[in-house]
Each structure stands twice: as C-alpha cells, then as structure tokens.
Amino acid sequence: MRTFGYICPKCGKAVMKSRSVFALEASDAEIACDCGESVLHTKFDGRNYQIYVPCGICGQTHMADCPPQRVLRGATALGCSETKQFCCYIGDEGTVEKNLRELSVLVQKEKDAEDQEAFLDNVIMYEVLSELKEIASRPNGITCACGSKSCGMEIRRSAVDLVCRTCGAKLRIPAATDRDLDDLCCHMKLVIPGA
C-alpha cells in the first residue's frame with residue numbers, strides 16, 4: 001500500500017488516503033478531501049507518474065513528474081514551487097502521517113501569522129540562527145563540497161539558505177517548527193552540496 005498526504009487548500013484539513021501498488025500501476029488515482037473541494041490526481045503514462053497536488057501552502061495546484069520507484073517504493077516528498085516547502089508526502093502510512101502533522105502545524109502558523117511578522121515563528125528563527133552561529137564558530141563547521149569554507153546566509157520567512165561564496169551552491173535549513181530546530185541541533189557540522 002502507498003499512502004498519499006496533503007493539506008486541502010480550501011478547508012485546511014490534512015488529507016491522507018492509501019492506494020495499493022497494483023491499483024496505481026493499473027489506472028489513474030484520485031485522492032479527494034472530504035470537503036469535496038480538492039483532489040490529488042495521479043496519472044501514469046507507462047514511464048512516469050504525473051502527480052497533480054492541491055497545495056495547502058500557496059493554494060495552487062502543482063504538477064510533479066516522478067519515476068515509478070519514487071512513487072511505489074520508499075518515501076518521497078513533493079514541494080511547492082512558490083515557497084519551496086514540502087506540500088505532499090508519499091510513502092508508508094506512519095511516515096506520511098508524521099510528516100503531514102508537521103505540515104499542518106506549518107500551514108496553521110502561516111495562516112495565523114500577521115503580515116508585519118518578519119518570520120513565520122520568531123522564536124524558532126532566532127534559535128536556528130543562534131545554532132547556525134554556534135556551528136559556524138567550530139573549525140570547519142560550515143563548508144561546501146567544492147572545498148570552500150566561505151559561505152553567506154540568506155534569511156527567508158521560514159528558512160535560512162546557506163550559500164557558498166565560491167560556487168554559489170545552497171543548503172536550505174528549515175526554520176519554522178520545533179522539529180526543524182531539533183533536526184539542526186543534531187549536527188556538529190554542515191556541508192553545502194557543491195553546485
């Protein structure tokens with residue numbers, strides 16, 4: 001069984017439903033919200049799956065072209081092209097449910113945030129920036145796979161991008177939820193994947 005999960009852009013509820021691998025290989029699938037206002041569609045052209053995801057973050061529908069191994073095995077996440085945040089999860093039920101819970105928190109925070117707020121969650125952002133400062137102070141704390149030790153930061157509303165000043169490669173550090181902070185605190189060093 002493969003479980004699909006997304007946040008309905010109309011009612012804001014988490015939508016999570018499962019389909020068998022056999023059903024996904026045999027025909028197109030639809031995962032609809034109980035409110036009837038949004039539907040995730042999958043189409044298989046014999047080589048790849050086209051997945052049309054209603055995005056609970058920006059409100060639009062995004063299309064992802066995925067090879068079968070990405071849809072039928074393991075776990076994968078599809079991103080919102082506007083915000084670069086994950087907006088859909090595919091995998092086993094437990095993994096999808098856990099990630100969908102985190103996404104629900106993020107979407108709710110976004111909805112509750114006032115326009116004058118600089119960050120989605122000021123406390124989490126300041127904690128993430130403090131942790132990044134601590135990692136950067138260590139010898140070779142933040143480096144790039146190209147060999148450079150010179151990097152800068154681009155601070156966004158719900159993430160921090162570490163940017164290599166030599167090759168321009170980026171590493172996005174999410175900074176919106178408690179889980180984002182916990183994940184970052186597990187790292188003694190960070191390596192930006194080279195461009």
# chains A, B, ... in the order shown; residues from 1 in each chain; ligands from 1
>>> residues_around(residues="Cys87 in chain A", least_positions_apart="3", cutoff="9 Å", atoms="only C-alpha atoms", output="JSON, numbers by chain")
{"A": [5, 6, 7, 53, 54, 55, 56, 57, 77, 78, 79, 80, 84, 100, 103]}
>>> residues_around(residues="Gly168 in chain A", least_positions_apart="6", cutoff="10 Å", atoms="only C-alpha atoms", output="ChimeraX atom specification")
/A:144,146,151-152,162,192,194-195
>>> write_last_selection(atoms="N, CA, C and O atoms", output="PDB file, in the first residue's frame")
ATOM      1  N   CYS A 144      31.641  23.816   2.086  1.00  0.00           N
ATOM      2  CA  CYS A 144      30.967  23.418   0.849  1.00  0.00           C
ATOM      3  C   CYS A 144      31.687  22.211   0.271  1.00  0.00           C
ATOM      4  O   CYS A 144      32.900  22.058   0.441  1.00  0.00           O
ATOM      5  N   CYS A 146      32.536  21.820  -2.589  1.00  0.00           N
ATOM      6  CA  CYS A 146      33.530  22.268  -3.575  1.00  0.00           C
ATOM      7  C   CYS A 146      34.874  22.549  -2.919  1.00  0.00           C
ATOM      8  O   CYS A 146      35.857  22.819  -3.600  1.00  0.00           O
ATOM      9  N   CYS A 151      31.077  31.019   3.288  1.00  0.00           N
ATOM     10  CA  CYS A 151      29.649  30.964   2.956  1.00  0.00           C
ATOM     11  C   CYS A 151      28.922  32.151   3.559  1.00  0.00           C
ATOM     12  O   CYS A 151      29.395  32.776   4.509  1.00  0.00           O
ATOM     13  N   GLY A 152      27.783  32.447   2.984  1.00  0.00           N
ATOM     14  CA  GLY A 152      26.920  33.508   3.490  1.00  0.00           C
ATOM     15  C   GLY A 152      25.550  32.925   3.798  1.00  0.00           C
ATOM     16  O   GLY A 152      25.309  31.731   3.595  1.00  0.00           O
ATOM     17  N   LEU A 162      22.040  28.615   3.367  1.00  0.00           N
ATOM     18  CA  LEU A 162      23.488  28.786   3.443  1.00  0.00           C
ATOM     19  C   LEU A 162      23.992  28.783   2.010  1.00  0.00           C
ATOM     20  O   LEU A 162      23.678  27.874   1.246  1.00  0.00           O
ATOM     21  N   ILE A 192      27.501  22.175   2.568  1.00  0.00           N
ATOM     22  CA  ILE A 192      26.648  22.606   1.456  1.00  0.00           C
ATOM     23  C   ILE A 192      26.991  21.698   0.275  1.00  0.00           C
ATOM     24  O   ILE A 192      28.160  21.561  -0.089  1.00  0.00           O
ATOM     25  N   GLY A 194      27.906  20.775  -3.250  1.00  0.00           N
ATOM     26  CA  GLY A 194      28.502  21.607  -4.303  1.00  0.00           C
ATOM     27  C   GLY A 194      27.596  21.776  -5.507  1.00  0.00           C
ATOM     28  O   GLY A 194      26.730  20.951  -5.780  1.00  0.00           O
ATOM     29  N   ALA A 195      27.778  22.870  -6.233  1.00  0.00           N
ATOM     30  CA  ALA A 195      26.950  23.154  -7.417  1.00  0.00           C
ATOM     31  C   ALA A 195      27.385  22.304  -8.598  1.00  0.00           C
ATOM     32  O   ALA A 195      28.482  21.843  -8.684  1.00  0.00           O
TER      33      ALA A 195
END
>>> residues_around(residues="Thr177 in chain A", least_positions_apart="4", cutoff="10 Å", atoms="only C-alpha atoms", output="JSON list (two decimals) with N, CA and C atoms, in the first residue's frame")
[["chain", "number", "residue", "atom", "x", "y", "z"],
["A", 102, "GLU", "N", 3.40, 17.61, 10.89],
["A", 102, "GLU", "CA", 4.33, 18.75, 10.88],
["A", 102, "GLU", "C", 3.88, 19.81, 9.87],
["A", 103, "LEU", "N", 3.44, 19.35, 8.69],
["A", 103, "LEU", "CA", 2.99, 20.28, 7.66],
["A", 103, "LEU", "C", 1.75, 21.03, 8.14],
["A", 105, "VAL", "N", 1.02, 21.90, 11.17],
["A", 105, "VAL", "CA", 1.49, 22.93, 12.10],
["A", 105, "VAL", "C", 2.04, 24.12, 11.32],
["A", 106, "LEU", "N", 2.85, 23.85, 10.31],
["A", 106, "LEU", "CA", 3.45, 24.90, 9.49],
["A", 106, "LEU", "C", 2.38, 25.73, 8.80],
["A", 109, "LYS", "N", 0.52, 27.87, 11.32],
["A", 109, "LYS", "CA", 1.34, 29.02, 11.73],
["A", 109, "LYS", "C", 1.33, 30.09, 10.64],
["A", 120, "LEU", "N", 8.00, 33.34, 10.17],
["A", 120, "LEU", "CA", 6.84, 32.51, 10.47],
["A", 120, "LEU", "C", 6.74, 32.25, 11.96],
["A", 121, "ASP", "N", 7.87, 31.96, 12.60],
["A", 121, "ASP", "CA", 7.93, 31.79, 14.05],
["A", 121, "ASP", "C", 9.22, 32.45, 14.51],
["A", 123, "VAL", "N", 10.61, 32.95, 17.45],
["A", 123, "VAL", "CA", 11.42, 32.23, 18.44],
["A", 123, "VAL", "C", 12.24, 31.13, 17.76],
["A", 124, "ILE", "N", 11.59, 30.33, 16.91],
["A", 124, "ILE", "CA", 12.31, 29.25, 16.21],
["A", 124, "ILE", "C", 13.39, 29.83, 15.31],
["A", 125, "MET", "N", 13.08, 30.90, 14.57],
["A", 125, "MET", "CA", 14.08, 31.50, 13.67],
["A", 125, "MET", "C", 15.30, 31.98, 14.47],
["A", 158, "SER", "N", 10.69, 31.42, 6.52],
["A", 158, "SER", "CA", 10.60, 30.17, 7.29],
["A", 158, "SER", "C", 11.81, 29.26, 7.06],
["A", 181, "LEU", "N", 14.22, 22.87, 14.41],
["A", 181, "LEU", "CA", 15.27, 23.21, 15.36],
["A", 181, "LEU", "C", 15.94, 21.95, 15.90],
["A", 182, "ASP", "N", 15.13, 20.94, 16.25],
["A", 182, "ASP", "CA", 15.68, 19.67, 16.75],
["A", 182, "ASP", "C", 16.59, 19.02, 15.72]]
>>> closest_residue(among="A:Glu110, A:Ser18, A:Cys11, A:Gln60", to="Gly36 in chain A", atoms="only C-alpha atoms")
A:Cys11
>>> atom_distance(atom1="CA of Phe86 in chain A", atom2="CA of Phe119 in chain A")
17.8 Å
>>> closest_residue(among="A:Met16, A:Ile90, A:Ile142, A:Met153", to="Met188 in chain A", atoms="only C-alpha atoms")
A:Ile142
>>> residues_around(residues="Cys186 in chain A", least_positions_apart="3", cutoff="12 Å", atoms="only C-alpha atoms", output="ChimeraX atom specification")
/A:128,131-132,135,179-183,189-190
>>> select_by_dssp(residues="range 37-190 of chain A", states="alpha helix (DSSP H)", output="ChimeraX atom specification")
/A:68-72,93-112,122-137,178-185
>>> residues_around(residues="His41 in chain A", least_positions_apart="2", cutoff="6 Å", atoms="only C-alpha atoms", output="PyMOL selection string")
chain A and resi 29-30+51-52
>>> select_by_dssp(residues="range 41-88 of chain A", states="strand (DSSP E)", output="short mmCIF file (atom, residue, chain, number, x, y, z; two decimals) with N, CA, C and O atoms, in the first residue's frame")
data_model
loop_
_atom_site.label_atom_id
_atom_site.label_comp_id
_atom_site.auth_asym_id
_atom_site.auth_seq_id
_atom_site.Cartn_x
_atom_site.Cartn_y
_atom_site.Cartn_z
N HIS A 41 -4.53 14.13 -8.07
CA HIS A 41 -4.66 13.19 -9.19
C HIS A 41 -3.31 12.56 -9.50
O HIS A 41 -2.29 13.25 -9.46
N THR A 42 -3.29 11.28 -9.82
CA THR A 42 -2.09 10.64 -10.36
C THR A 42 -2.42 10.08 -11.73
O THR A 42 -3.50 9.54 -11.94
N LYS A 43 -1.49 10.24 -12.65
CA LYS A 43 -1.63 9.66 -14.00
C LYS A 43 -0.33 8.95 -14.31
O LYS A 43 0.74 9.45 -14.02
N PHE A 44 -0.42 7.77 -14.93
CA PHE A 44 0.76 7.00 -15.29
C PHE A 44 0.80 6.88 -16.81
O PHE A 44 -0.14 6.40 -17.42
N TYR A 49 4.97 8.86 -13.43
CA TYR A 49 3.71 9.31 -12.85
C TYR A 49 3.68 10.83 -12.88
O TYR A 49 4.67 11.48 -12.53
N GLN A 50 2.56 11.38 -13.31
CA GLN A 50 2.33 12.82 -13.19
C GLN A 50 1.37 12.96 -12.00
O GLN A 50 0.28 12.39 -12.00
N ILE A 51 1.82 13.70 -11.00
CA ILE A 51 1.03 13.87 -9.79
C ILE A 51 0.64 15.34 -9.68
O ILE A 51 1.50 16.22 -9.69
N TYR A 52 -0.66 15.58 -9.62
CA TYR A 52 -1.20 16.93 -9.52
C TYR A 52 -1.65 17.13 -8.08
O TYR A 52 -2.58 16.48 -7.61
N VAL A 53 -0.94 18.02 -7.38
CA VAL A 53 -1.13 18.19 -5.94
C VAL A 53 -1.78 19.54 -5.64
O VAL A 53 -1.23 20.59 -5.97
N PRO A 54 -2.96 19.52 -4.98
CA PRO A 54 -3.52 20.78 -4.48
C PRO A 54 -2.66 21.23 -3.30
O PRO A 54 -2.43 20.46 -2.37
N THR A 61 -2.29 24.45 -7.66
CA THR A 61 -2.07 23.03 -7.91
C THR A 61 -0.71 22.89 -8.59
O THR A 61 -0.42 23.59 -9.56
N HIS A 62 0.13 21.99 -8.07
CA HIS A 62 1.46 21.76 -8.63
C HIS A 62 1.50 20.41 -9.31
O HIS A 62 0.84 19.47 -8.87
N MET A 63 2.30 20.30 -10.37
CA MET A 63 2.46 19.02 -11.06
C MET A 63 3.89 18.54 -10.88
O MET A 63 4.84 19.29 -11.04
N ALA A 64 4.02 17.28 -10.48
CA ALA A 64 5.35 16.66 -10.34
C ALA A 64 5.41 15.45 -11.27
O ALA A 64 4.44 14.70 -11.38
N ASP A 65 6.52 15.29 -11.96
CA ASP A 65 6.76 14.16 -12.85
C ASP A 65 7.73 13.23 -12.13
O ASP A 65 8.89 13.60 -11.92
N CYS A 66 7.25 12.06 -11.71
CA CYS A 66 8.05 11.17 -10.86
C CYS A 66 8.23 9.79 -11.47
O CYS A 66 7.26 9.21 -11.97
N THR A 76 8.74 9.70 -0.27
CA THR A 76 9.15 10.88 -1.01
C THR A 76 8.27 12.06 -0.63
O THR A 76 7.17 11.88 -0.11
N ALA A 77 8.78 13.25 -0.88
CA ALA A 77 8.01 14.47 -0.62
C ALA A 77 8.06 15.34 -1.87
O ALA A 77 9.07 15.40 -2.56
N LEU A 78 6.96 16.00 -2.16
CA LEU A 78 6.86 16.89 -3.31
C LEU A 78 6.74 18.32 -2.77
O LEU A 78 6.08 18.56 -1.77
N GLY A 79 7.38 19.27 -3.46
CA GLY A 79 7.45 20.63 -2.96
C GLY A 79 6.57 21.62 -3.69
O GLY A 79 6.21 21.44 -4.84
N PHE A 86 7.78 21.51 1.41
CA PHE A 86 7.09 20.29 1.01
C PHE A 86 5.59 20.47 1.20
O PHE A 86 5.14 21.02 2.21
N CYS A 87 4.80 19.98 0.22
CA CYS A 87 3.34 20.13 0.30
C CYS A 87 2.61 18.81 0.13
O CYS A 87 1.39 18.75 0.27
N CYS A 88 3.34 17.72 -0.17
CA CYS A 88 2.73 16.41 -0.37
C CYS A 88 3.73 15.33 0.03
O CYS A 88 4.92 15.46 -0.25
#
>>> residues_around(residues="Gly46 in chain A", least_positions_apart="5", cutoff="12 Å", atoms="only C-alpha atoms", output="MDAnalysis selection string")
chainID A and resid 24:28 66:68
>>> write_last_selection(atoms="all heavy atoms", output="PDB file, in the first residue's frame")
ATOM      1  N   LEU A  24      -2.347   1.577  -8.438  1.00  0.00           N
ATOM      2  CA  LEU A  24      -1.602   2.704  -9.004  1.00  0.00           C
ATOM      3  C   LEU A  24      -0.985   2.355 -10.355  1.00  0.00           C
ATOM      4  O   LEU A  24      -0.883   3.203 -11.239  1.00  0.00           O
ATOM      5  CB  LEU A  24      -0.512   3.168  -8.033  1.00  0.00           C
ATOM      6  CG  LEU A  24      -1.004   3.868  -6.773  1.00  0.00           C
ATOM      7  CD1 LEU A  24       0.131   4.017  -5.774  1.00  0.00           C
ATOM      8  CD2 LEU A  24      -1.605   5.220  -7.109  1.00  0.00           C
ATOM      9  N   GLU A  25      -0.548   1.102 -10.506  1.00  0.00           N
ATOM     10  CA  GLU A  25       0.030   0.672 -11.783  1.00  0.00           C
ATOM     11  C   GLU A  25      -1.045   0.450 -12.837  1.00  0.00           C
ATOM     12  O   GLU A  25      -0.795   0.616 -14.023  1.00  0.00           O
ATOM     13  CB  GLU A  25       0.845  -0.606 -11.584  1.00  0.00           C
ATOM     14  CG  GLU A  25       2.133  -0.382 -10.806  1.00  0.00           C
ATOM     15  CD  GLU A  25       2.887  -1.673 -10.531  1.00  0.00           C
ATOM     16  OE1 GLU A  25       2.246  -2.735 -10.407  1.00  0.00           O
ATOM     17  OE2 GLU A  25       4.126  -1.599 -10.440  1.00  0.00           O
ATOM     18  N   ALA A  26      -2.250   0.070 -12.393  1.00  0.00           N
ATOM     19  CA  ALA A  26      -3.310  -0.289 -13.333  1.00  0.00           C
ATOM     20  C   ALA A  26      -4.078   0.913 -13.878  1.00  0.00           C
ATOM     21  O   ALA A  26      -4.507   0.896 -15.033  1.00  0.00           O
ATOM     22  CB  ALA A  26      -4.288  -1.260 -12.666  1.00  0.00           C
ATOM     23  N   SER A  27      -4.276   1.949 -13.067  1.00  0.00           N
ATOM     24  CA  SER A  27      -5.076   3.077 -13.547  1.00  0.00           C
ATOM     25  C   SER A  27      -4.736   4.345 -12.770  1.00  0.00           C
ATOM     26  O   SER A  27      -4.032   4.312 -11.767  1.00  0.00           O
ATOM     27  CB  SER A  27      -6.574   2.770 -13.389  1.00  0.00           C
ATOM     28  OG  SER A  27      -6.910   2.671 -12.018  1.00  0.00           O
ATOM     29  N   ASP A  28      -5.284   5.450 -13.264  1.00  0.00           N
ATOM     30  CA  ASP A  28      -5.089   6.722 -12.588  1.00  0.00           C
ATOM     31  C   ASP A  28      -5.800   6.685 -11.237  1.00  0.00           C
ATOM     32  O   ASP A  28      -6.763   5.947 -11.052  1.00  0.00           O
ATOM     33  CB  ASP A  28      -5.657   7.861 -13.438  1.00  0.00           C
ATOM     34  CG  ASP A  28      -4.953   7.966 -14.791  1.00  0.00           C
ATOM     35  OD1 ASP A  28      -3.839   7.424 -14.928  1.00  0.00           O
ATOM     36  OD2 ASP A  28      -5.522   8.585 -15.705  1.00  0.00           O
ATOM     37  N   CYS A  66       7.255  12.058 -11.708  1.00  0.00           N
ATOM     38  CA  CYS A  66       8.051  11.172 -10.857  1.00  0.00           C
ATOM     39  C   CYS A  66       8.229   9.793 -11.474  1.00  0.00           C
ATOM     40  O   CYS A  66       7.263   9.208 -11.968  1.00  0.00           O
ATOM     41  CB  CYS A  66       7.374  10.983  -9.505  1.00  0.00           C
ATOM     42  SG  CYS A  66       7.094  12.501  -8.599  1.00  0.00           S
ATOM     43  N   PRO A  67       9.435   9.230 -11.415  1.00  0.00           N
ATOM     44  CA  PRO A  67       9.636   7.850 -11.871  1.00  0.00           C
ATOM     45  C   PRO A  67       8.927   6.882 -10.922  1.00  0.00           C
ATOM     46  O   PRO A  67       8.718   7.201  -9.746  1.00  0.00           O
ATOM     47  CB  PRO A  67      11.156   7.666 -11.827  1.00  0.00           C
ATOM     48  CG  PRO A  67      11.651   8.705 -10.875  1.00  0.00           C
ATOM     49  CD  PRO A  67      10.678   9.838 -10.917  1.00  0.00           C
ATOM     50  N   PRO A  68       8.550   5.696 -11.428  1.00  0.00           N
ATOM     51  CA  PRO A  68       7.811   4.732 -10.601  1.00  0.00           C
ATOM     52  C   PRO A  68       8.482   4.392  -9.281  1.00  0.00           C
ATOM     53  O   PRO A  68       7.796   4.274  -8.259  1.00  0.00           O
ATOM     54  CB  PRO A  68       7.703   3.496 -11.501  1.00  0.00           C
ATOM     55  CG  PRO A  68       7.797   4.021 -12.890  1.00  0.00           C
ATOM     56  CD  PRO A  68       8.715   5.212 -12.801  1.00  0.00           C
TER      57      PRO A  68
END
>>> closest_residue(among="A:Ala32, A:Ala14, A:Met1, A:Leu40", to="Lys98 in chain A", atoms="only C-alpha atoms")
A:Ala14
>>> atom_distance(atom1="CA of Ala169 in chain A", atom2="CA of Pro139 in chain A")
20.4 Å
>>> residues_around(residues="Lys149 in chain A", least_positions_apart="6", cutoff="8 Å", atoms="only C-alpha atoms", output="ChimeraX atom specification")
/A:140,142-143,164
>>> atom_distance(atom1="CA of Cys58 in chain A", atom2="CA of Pro174 in chain A")
17.1 Å
>>> decode(residues="range 144-155 of chain A", atoms="all heavy atoms", output="mmCIF file, in the first residue's frame")
data_model
loop_
_atom_site.group_PDB
_atom_site.id
_atom_site.type_symbol
_atom_site.label_atom_id
_atom_site.label_comp_id
_atom_site.auth_asym_id
_atom_site.auth_seq_id
_atom_site.Cartn_x
_atom_site.Cartn_y
_atom_site.Cartn_z
ATOM 1 N N CYS A 144 31.641 23.816 2.086
ATOM 2 C CA CYS A 144 30.967 23.418 0.849
ATOM 3 C C CYS A 144 31.687 22.211 0.271
ATOM 4 O O CYS A 144 32.900 22.058 0.441
ATOM 5 C CB CYS A 144 30.961 24.563 -0.162
ATOM 6 S SG CYS A 144 30.107 24.155 -1.705
ATOM 7 N N ALA A 145 30.940 21.375 -0.422
ATOM 8 C CA ALA A 145 31.531 20.194 -1.055
ATOM 9 C C ALA A 145 32.569 20.576 -2.101
ATOM 10 O O ALA A 145 33.420 19.772 -2.459
ATOM 11 C CB ALA A 145 30.443 19.318 -1.673
ATOM 12 N N CYS A 146 32.536 21.820 -2.589
ATOM 13 C CA CYS A 146 33.530 22.268 -3.575
ATOM 14 C C CYS A 146 34.874 22.549 -2.919
ATOM 15 O O CYS A 146 35.857 22.819 -3.600
ATOM 16 C CB CYS A 146 33.035 23.507 -4.327
ATOM 17 S SG CYS A 146 33.150 25.058 -3.383
ATOM 18 N N GLY A 147 34.918 22.520 -1.568
ATOM 19 C CA GLY A 147 36.163 22.756 -0.843
ATOM 20 C C GLY A 147 36.231 24.116 -0.181
ATOM 21 O O GLY A 147 37.111 24.382 0.634
ATOM 22 N N SER A 148 35.301 24.993 -0.489
ATOM 23 C CA SER A 148 35.304 26.344 0.069
ATOM 24 C C SER A 148 34.837 26.340 1.525
ATOM 25 O O SER A 148 34.009 25.529 1.928
ATOM 26 C CB SER A 148 34.378 27.242 -0.757
ATOM 27 O OG SER A 148 34.288 28.518 -0.163
ATOM 28 N N LYS A 149 35.389 27.264 2.293
ATOM 29 C CA LYS A 149 34.967 27.446 3.675
ATOM 30 C C LYS A 149 34.289 28.802 3.844
ATOM 31 O O LYS A 149 34.011 29.226 4.955
ATOM 32 C CB LYS A 149 36.171 27.338 4.611
ATOM 33 C CG LYS A 149 36.771 25.950 4.621
ATOM 34 C CD LYS A 149 37.973 25.877 5.508
ATOM 35 C CE LYS A 149 38.608 24.492 5.374
ATOM 36 N NZ LYS A 149 39.864 24.376 6.069
ATOM 37 N N SER A 150 34.025 29.468 2.719
ATOM 38 C CA SER A 150 33.414 30.789 2.748
ATOM 39 C C SER A 150 31.948 30.690 2.342
ATOM 40 O O SER A 150 31.626 30.295 1.225
ATOM 41 C CB SER A 150 34.161 31.716 1.767
ATOM 42 O OG SER A 150 33.543 32.964 1.709
ATOM 43 N N CYS A 151 31.077 31.019 3.288
ATOM 44 C CA CYS A 151 29.649 30.964 2.956
ATOM 45 C C CYS A 151 28.922 32.151 3.559
ATOM 46 O O CYS A 151 29.395 32.776 4.509
ATOM 47 C CB CYS A 151 29.033 29.648 3.409
ATOM 48 S SG CYS A 151 28.682 29.557 5.161
ATOM 49 N N GLY A 152 27.783 32.447 2.984
ATOM 50 C CA GLY A 152 26.920 33.508 3.490
ATOM 51 C C GLY A 152 25.550 32.925 3.798
ATOM 52 O O GLY A 152 25.309 31.731 3.595
ATOM 53 N N MET A 153 24.657 33.787 4.291
ATOM 54 C CA MET A 153 23.301 33.339 4.617
ATOM 55 C C MET A 153 22.285 34.237 3.941
ATOM 56 O O MET A 153 22.483 35.452 3.854
ATOM 57 C CB MET A 153 23.051 33.408 6.133
ATOM 58 C CG MET A 153 23.700 32.325 6.920
ATOM 59 S SD MET A 153 23.060 32.239 8.615
ATOM 60 C CE MET A 153 23.669 33.733 9.325
ATOM 61 N N GLU A 154 21.207 33.620 3.477
ATOM 62 C CA GLU A 154 20.036 34.348 3.003
ATOM 63 C C GLU A 154 18.894 33.933 3.923
ATOM 64 O O GLU A 154 18.515 32.762 3.953
ATOM 65 C CB GLU A 154 19.726 33.989 1.547
ATOM 66 C CG GLU A 154 20.786 34.446 0.575
ATOM 67 C CD GLU A 154 20.522 34.002 -0.853
ATOM 68 O OE1 GLU A 154 19.483 33.347 -1.118
ATOM 69 O OE2 GLU A 154 21.363 34.300 -1.714
ATOM 70 N N ILE A 155 18.370 34.882 4.680
ATOM 71 C CA ILE A 155 17.330 34.572 5.656
ATOM 72 C C ILE A 155 15.969 34.796 5.012
ATOM 73 O O ILE A 155 15.690 35.872 4.487
ATOM 74 C CB ILE A 155 17.506 35.427 6.923
ATOM 75 C CG1 ILE A 155 18.884 35.154 7.530
ATOM 76 C CG2 ILE A 155 16.397 35.131 7.923
ATOM 77 C CD1 ILE A 155 19.259 36.061 8.671
#
